>>> print(open('final-v4.cif').read())   # mmCIF, C-alpha atoms
data_run
loop_
_atom_site.label_atom_id
_atom_site.label_comp_id
_atom_site.auth_asym_id
_atom_site.auth_seq_id
_atom_site.Cartn_x
_atom_site.Cartn_y
_atom_site.Cartn_z
CA MET A 152 110.20 91.17 156.12
CA ARG A 153 108.11 94.20 156.98
CA ALA A 154 110.79 96.54 155.61
CA ILE A 155 110.70 94.78 152.21
CA ARG A 156 106.93 95.23 151.98
CA ASN A 157 107.19 98.94 152.81
CA GLY A 158 109.99 99.37 150.27
CA PHE A 159 107.96 97.69 147.54
CA GLY A 160 104.96 99.84 148.40
CA ALA A 161 107.04 102.99 148.14
CA ILE A 162 108.46 101.97 144.74
CA ALA A 163 104.99 101.09 143.46
CA SER A 164 103.61 104.43 144.68
CA VAL A 165 106.40 106.36 142.93
CA ALA A 166 105.82 104.41 139.68
CA VAL A 167 102.08 105.18 139.78
CA LEU A 168 102.79 108.85 140.52
CA ILE A 169 105.23 109.16 137.59
CA THR A 170 102.84 107.39 135.20
CA GLY A 171 99.94 109.62 136.28
CA THR A 172 102.03 112.75 135.74
CA ALA A 173 103.07 111.58 132.27
CA VAL A 174 99.45 110.84 131.28
CA ALA A 175 98.27 114.22 132.58
CA THR A 176 101.00 115.98 130.58
CA GLU A 177 99.97 114.09 127.43
CA LEU A 178 96.33 115.07 127.94
CA ARG A 179 97.20 118.73 128.42
CA ALA A 180 99.40 118.74 125.31
CA ALA A 181 96.67 117.33 123.06
CA PRO A 182 95.29 119.93 120.62
CA ALA A 183 91.71 121.04 120.90
CA PRO A 184 89.36 119.52 118.31
CA ALA A 185 88.48 121.72 115.37
CA GLU A 186 85.05 123.25 115.53
CA GLU A 187 84.24 122.51 111.91
CA LEU A 188 85.60 119.46 110.11
CA PRO A 189 86.23 119.77 106.37
CA ALA A 190 83.90 117.79 104.15
CA THR A 191 85.52 114.95 102.22
CA ALA A 192 82.97 114.91 99.42
CA PRO A 193 80.04 117.12 98.61
CA ALA A 194 76.74 115.61 99.61
CA THR A 195 74.38 115.52 96.66
CA GLY A 196 71.47 113.84 98.39
CA GLU A 197 71.01 111.50 95.44
CA PRO A 198 72.07 107.84 95.58
CA GLU A 199 74.73 106.63 93.15
CA ASP A 200 72.96 104.97 90.22
CA PHE A 201 75.98 103.31 88.69
CA GLY A 202 77.97 100.11 89.03
CA ALA A 203 77.06 96.55 88.16
CA SER A 204 77.08 94.02 90.97
CA CYS A 205 79.81 91.46 90.21
CA ARG A 206 81.13 88.27 91.77
CA THR A 207 84.16 86.30 90.67
CA LEU A 208 84.53 82.55 90.69
CA VAL A 209 87.98 80.93 90.51
CA GLU A 210 88.09 77.28 89.42
CA GLY A 211 91.66 76.03 89.09
CA SER A 212 93.30 78.26 86.48
CA ARG A 213 90.05 79.75 85.14
CA VAL A 214 88.22 82.84 86.40
CA THR A 215 84.63 83.77 85.61
CA ALA A 216 83.02 87.07 86.60
CA HIS A 217 79.23 87.23 86.77
CA CYS A 218 77.94 90.81 86.61
CA SER A 219 74.38 92.15 86.69
CA ASN A 220 73.43 95.80 86.50
CA PRO A 221 70.35 96.87 88.50
CA TYR A 222 70.80 100.57 87.66
CA PRO A 223 69.43 102.68 84.77
CA ARG A 224 72.95 103.67 83.61
CA ALA A 225 75.16 101.33 81.61
CA ASP A 226 78.41 100.10 83.19
CA ARG A 227 81.60 99.04 81.44
CA VAL A 228 83.36 96.23 83.37
CA ARG A 229 86.81 94.66 82.95
CA LEU A 230 88.16 91.48 84.52
CA HIS A 231 91.75 91.59 85.74
CA VAL A 232 93.53 88.30 86.52
CA GLU A 233 96.86 88.12 88.33
CA CYS A 234 98.64 84.77 87.97
CA ASP A 235 100.63 83.17 90.78
CA ARG A 236 103.71 82.05 88.79
CA TRP A 237 106.25 84.70 87.80
CA TRP A 238 106.42 83.43 84.22
CA ASP A 239 102.64 83.26 83.77
CA LEU A 240 101.18 86.32 82.04
CA ASP A 241 98.57 88.36 83.89
CA GLY A 242 95.48 89.22 81.87
CA ASP A 243 93.04 92.09 81.49
CA SER A 244 89.85 91.56 79.53
CA ALA A 245 88.46 93.97 77.00
CA PRO A 246 85.77 96.29 78.41
CA VAL A 247 82.32 94.71 78.34
CA GLU A 248 79.23 96.89 78.54
CA VAL A 249 76.51 95.87 80.99
CA GLY A 250 73.31 97.69 80.11
CA PRO A 251 70.47 98.49 82.49
CA ALA A 252 68.88 95.31 83.88
CA ASP A 253 71.44 93.26 81.92
CA TYR A 254 73.75 90.35 82.84
CA VAL A 255 77.17 89.39 81.45
CA GLN A 256 79.88 86.80 82.06
CA VAL A 257 83.54 87.67 81.56
CA THR A 258 86.22 84.97 81.64
CA GLY A 259 89.97 84.89 82.02
CA ARG A 260 92.63 82.31 82.79
CA CYS A 261 96.20 81.57 83.80
CA TRP A 262 98.33 78.62 82.72
CA LYS A 263 98.71 77.53 86.34
CA GLU A 264 97.33 78.98 89.61
CA VAL A 265 95.42 82.26 89.95
CA ARG A 266 96.74 84.65 92.62
CA SER A 267 93.90 87.19 92.49
CA ALA A 268 91.08 88.45 90.28
CA TRP A 269 89.09 91.66 90.42
CA ILE A 270 86.65 93.77 88.42
CA THR A 271 86.93 97.46 87.54
CA HIS A 272 83.98 99.67 86.57
CA GLN A 273 83.66 102.66 84.28
CA PRO A 274 80.52 104.54 83.22
CA ALA A 275 79.56 103.57 79.68
CA ASP A 276 77.44 106.63 79.05
CA PRO A 277 77.35 110.10 80.58
CA PRO A 278 74.82 110.74 83.34
CA PRO A 279 71.56 112.28 82.16
CA ALA A 280 71.50 116.06 82.29
CA PRO A 281 69.08 117.48 84.83
CA GLY A 282 66.35 119.48 83.23
CA PRO A 283 62.61 119.66 82.71
CA LEU A 284 60.84 116.50 81.77
CA PRO A 285 59.26 116.40 78.31
CA VAL A 286 55.52 116.98 78.30
CA ARG A 287 53.32 114.96 75.98
CA GLY A 288 50.65 116.84 74.07
CA SER A 289 47.05 115.75 74.50
#
>>> encode(input="final-v4.cif", output="structure tokens")
Amino acid sequence: MRAIRNGFGAIASVAVLITGTAVATELRAAPAPAEELPATAPATGEPEDFGASCRTLVEGSRVTAHCSNPYPRADRVRLHVECDRWWDLDGDSAPVEVGPADYVQVTGRCWKEVRSAWITHQPADPPPAPGPLPVRGS
């Protein structure tokens, strides 16, 4: 009985030793981290002032999107509806402009079940050009 315990202990020790050596080799082979990471997007320091806040509501085969725009730039939204049945046509709405501080509802439908619905956004007008502010005469 004592010989079996010693044999198991030896096998366990060898397994731990091999695993430790493999982990140490992996750690040594890992590349050093780069000193400077590339930037993914230039930081402008200004918050994005675009994009209406939308929520979609699916009731049976009908979809309604409720969008409100809290920003000073107009947003053009489209509702996309994907139907569940293979023979049911998916639908994309015409672009609807949501002006500053405005609210719109966009609807769509399927003949049967709705698989998914989502909204896409596009700027309706170009961003204002930076420049000096106009001065009123007194």
>>> atom_distance(input="final-v4.cif", atom1="CA of Arg229 (chain A)", atom2="CA of His217 (chain A)")
11.3 Å
>>> atom_distance(input="final-v4.cif", atom1="CA of Gln256 (chain A)", atom2="CA of Asp235 (chain A)")
22.8 Å
>>> closest_residue(input="final-v4.cif", among="A:Glu233, A:Asp226, A:Asp241, A:Glu210", to="Arg266 (chain A)", atoms="all atoms listed in the file")
A:Glu233
>>> resolve_selection(input="final-v4.cif", expression="the PyMOL selection byres ((chain A and resi 236-238) around 12)", output="list in words")
Ser212, Glu233, Cys234, Asp235, Asp239, Leu240, Asp241, Cys261, Trp262, Lys263, Glu264, Val265, Arg266 and Ser267 of chain A
>>> residues_around(input="final-v4.cif", residues="Pro221 (chain A)", least_positions_apart="3", cutoff="12 Å", atoms="all atoms listed in the file", output="list in words")
Glu199, Asp200, Phe201, Gly202, Ala203, Ser204, Cys205, Cys218, Arg224, Ala225, Asp226, Val249, Gly250, Pro251, Ala252, Asp253 and Tyr254 of chain A
>>> resolve_selection(input="final-v4.cif", expression="the PyMOL selection byres ((chain A and resi 246) around 6)", output="list in words")
Arg227, Val228, Arg229, Ala245 and Val247 of chain A
>>> closest_residue(input="final-v4.cif", among="A:Val209, A:Val232, A:Ala216, A:Val255", to="Ala268 (chain A)", atoms="all atoms listed in the file")
A:Val232
>>> atom_distance(input="final-v4.cif", atom1="CA of Tyr222 (chain A)", atom2="CA of Gly242 (chain A)")
27.8 Å
>>> resolve_selection(input="final-v4.cif", expression="the PyMOL selection byres ((chain A and resi 271) around 8)", output="count of residues only")
8
